[in-house]
Amino acid sequence: MTEFGYFLSCEEFTPDQLLDQARRAADAGFTRLAISDHFHPWNDAQGSSPFAWSMIGALSQTVDLPVTTLVTCPTTRLHPVITAQAAATSSVLLNDRFTLGVGTGEALNEHVLGDPWPRHAERADMLEEAVEVMRKLFTGELVNHQGRHYTVDNARLYTVPGTPPPVYVSGFGPNAAELAGRIADGFVLMGPEQELIDAFRQAGGSDKPVIGGLKVCWNTDRDKAIDTVHRLWPSEVLPGELGQILPTPAHFEQAGQLVTRDQVAENTPCGGDPDEHVTAIRTYIDAGFDEVYVGQIGPEQDAFFDNYRKTVLPALKA
């Protein structure tokens, strides 16, 4: 049966707000949490960027829900050795209820150290090697590694969980889906794209979880909801690889000027009709998702959690 989690957006909310949302999510009946890992927000209107790993530590002391990163990039800004240490500690704090979601990242977050931004094929190769390195470190044994992209010299994690955290790989195309099926414990994608799920299954993911999520904007005034999404998250409907190659929030603001209100309304559940929210989430259930994470855009958090507790979640679980 599909589980429903709440998506914590580090791009839009402060640390205190994120912790408050986690508590409210647990009270509303969500059974899991996901958290983004960004250095920058997508645009200045979002205006936040707390360090995801600090937030995970705080979440472990705030709620009892499992936590998944959606997703972190363990290849450039964070070396896989450091990512492995962060993931292992997070898993210990969460009593083995942590899942490491990883992906090839975006230039927006990963170029900040001045490293070149490779093409996707090279980034995918880097991710595969990074996952290999992290799995070795999760054993708690001494690791030496000399690979194409990474060198590890006498590294050992002394704080490791009883069970290595699962590693889920994110993908937005057939090659990434194949990679996830081959090396990952699960597959992450943000839309119910059946062809990608099929590619993942055929590449070795036949019995592995598929997880993902969507953003919504609950507001009894549908026009206000659409305006909120259009102001804060036009990046959600940018086509192709723009989301991976644009380097700054200013560039996303420029690209976002091409996104219309109609496009936002067509791609994001907006307003206060529970049926619209239920219908959107059911498309993920029908596609075979094991976990679906829902994130509320904008300030109407009270109304969102109240209505999801009373109407949307009960309807999905019926």
# chains A, B, ... in the order shown; residues from 1 in each chain; ligands from 1
>>> select_by_dssp(residues="region 106-253 of chain A", states="alpha helix (DSSP H)", output="PyMOL selection string")
chain A and resi 107-110+120-138+174-183+194-200+222-232+242-245+249-253
>>> residues_around(residues="region 251-258 of chain A", least_positions_apart="5", cutoff="7 Å", atoms="only C-alpha atoms", output="PDB file with N, CA, C and O atoms, in the first residue's frame")
ATOM      1  N   TRP A  42      15.574  28.226  -5.846  1.00  0.00           N
ATOM      2  CA  TRP A  42      15.429  28.344  -7.292  1.00  0.00           C
ATOM      3  C   TRP A  42      15.292  29.801  -7.721  1.00  0.00           C
ATOM      4  O   TRP A  42      15.639  30.158  -8.860  1.00  0.00           O
ATOM      5  N   ASN A  43      14.762  30.648  -6.836  1.00  0.00           N
ATOM      6  CA  ASN A  43      14.653  32.075  -7.138  1.00  0.00           C
ATOM      7  C   ASN A  43      14.655  32.843  -5.826  1.00  0.00           C
ATOM      8  O   ASN A  43      14.482  32.263  -4.744  1.00  0.00           O
ATOM      9  N   PRO A 234       7.650  28.737 -10.561  1.00  0.00           N
ATOM     10  CA  PRO A 234       7.531  28.536 -12.015  1.00  0.00           C
ATOM     11  C   PRO A 234       8.552  27.534 -12.538  1.00  0.00           C
ATOM     12  O   PRO A 234       8.358  26.935 -13.596  1.00  0.00           O
ATOM     13  N   SER A 235       9.645  27.339 -11.797  1.00  0.00           N
ATOM     14  CA  SER A 235      10.684  26.389 -12.209  1.00  0.00           C
ATOM     15  C   SER A 235      10.153  24.967 -12.339  1.00  0.00           C
ATOM     16  O   SER A 235      10.740  24.142 -13.054  1.00  0.00           O
ATOM     17  N   LEU A 246      21.049  25.736 -15.649  1.00  0.00           N
ATOM     18  CA  LEU A 246      21.063  27.159 -15.294  1.00  0.00           C
ATOM     19  C   LEU A 246      21.805  27.341 -13.972  1.00  0.00           C
ATOM     20  O   LEU A 246      21.547  26.634 -12.999  1.00  0.00           O
TER      21      LEU A 246
END
>>> closest_residue(among="A:Gly5, A:Gly47, A:Gly205, A:Pro41", to="Leu179 (chain A)", atoms="only C-alpha atoms")
A:Gly205
>>> closest_atom_pairs(of="region 83-166 of chain A", to="region 22-38 of chain A", cutoff="12 Å", atoms="only C-alpha atoms", output="Markdown table")
| residue | atom | partner | partner_atom | distance |
| --- | --- | --- | --- | --- |
| A:Thr83 | CA | A:Asp37 | CA | 11.6 |
| A:Leu94 | CA | A:Leu33 | CA | 11.8 |
| A:Arg97 | CA | A:Arg32 | CA | 9.5 |
| A:Phe98 | CA | A:Leu33 | CA | 9.7 |
| A:Thr99 | CA | A:Ala34 | CA | 9.2 |
| A:Leu100 | CA | A:Ala34 | CA | 10.1 |
| A:Gly101 | CA | A:Ala34 | CA | 9.3 |
| A:Val102 | CA | A:Asp37 | CA | 9.7 |
| A:Gly103 | CA | A:Asp37 | CA | 10.6 |
| A:Gly105 | CA | A:His38 | CA | 9.3 |
| A:Glu106 | CA | A:His38 | CA | 9.2 |
| A:Ala107 | CA | A:His38 | CA | 10.7 |
| A:Leu108 | CA | A:His38 | CA | 8.5 |
| A:Asn109 | CA | A:His38 | CA | 6.0 |
| A:Glu110 | CA | A:His38 | CA | 8.8 |
| A:His111 | CA | A:His38 | CA | 11.7 |
| A:Val112 | CA | A:His38 | CA | 11.3 |
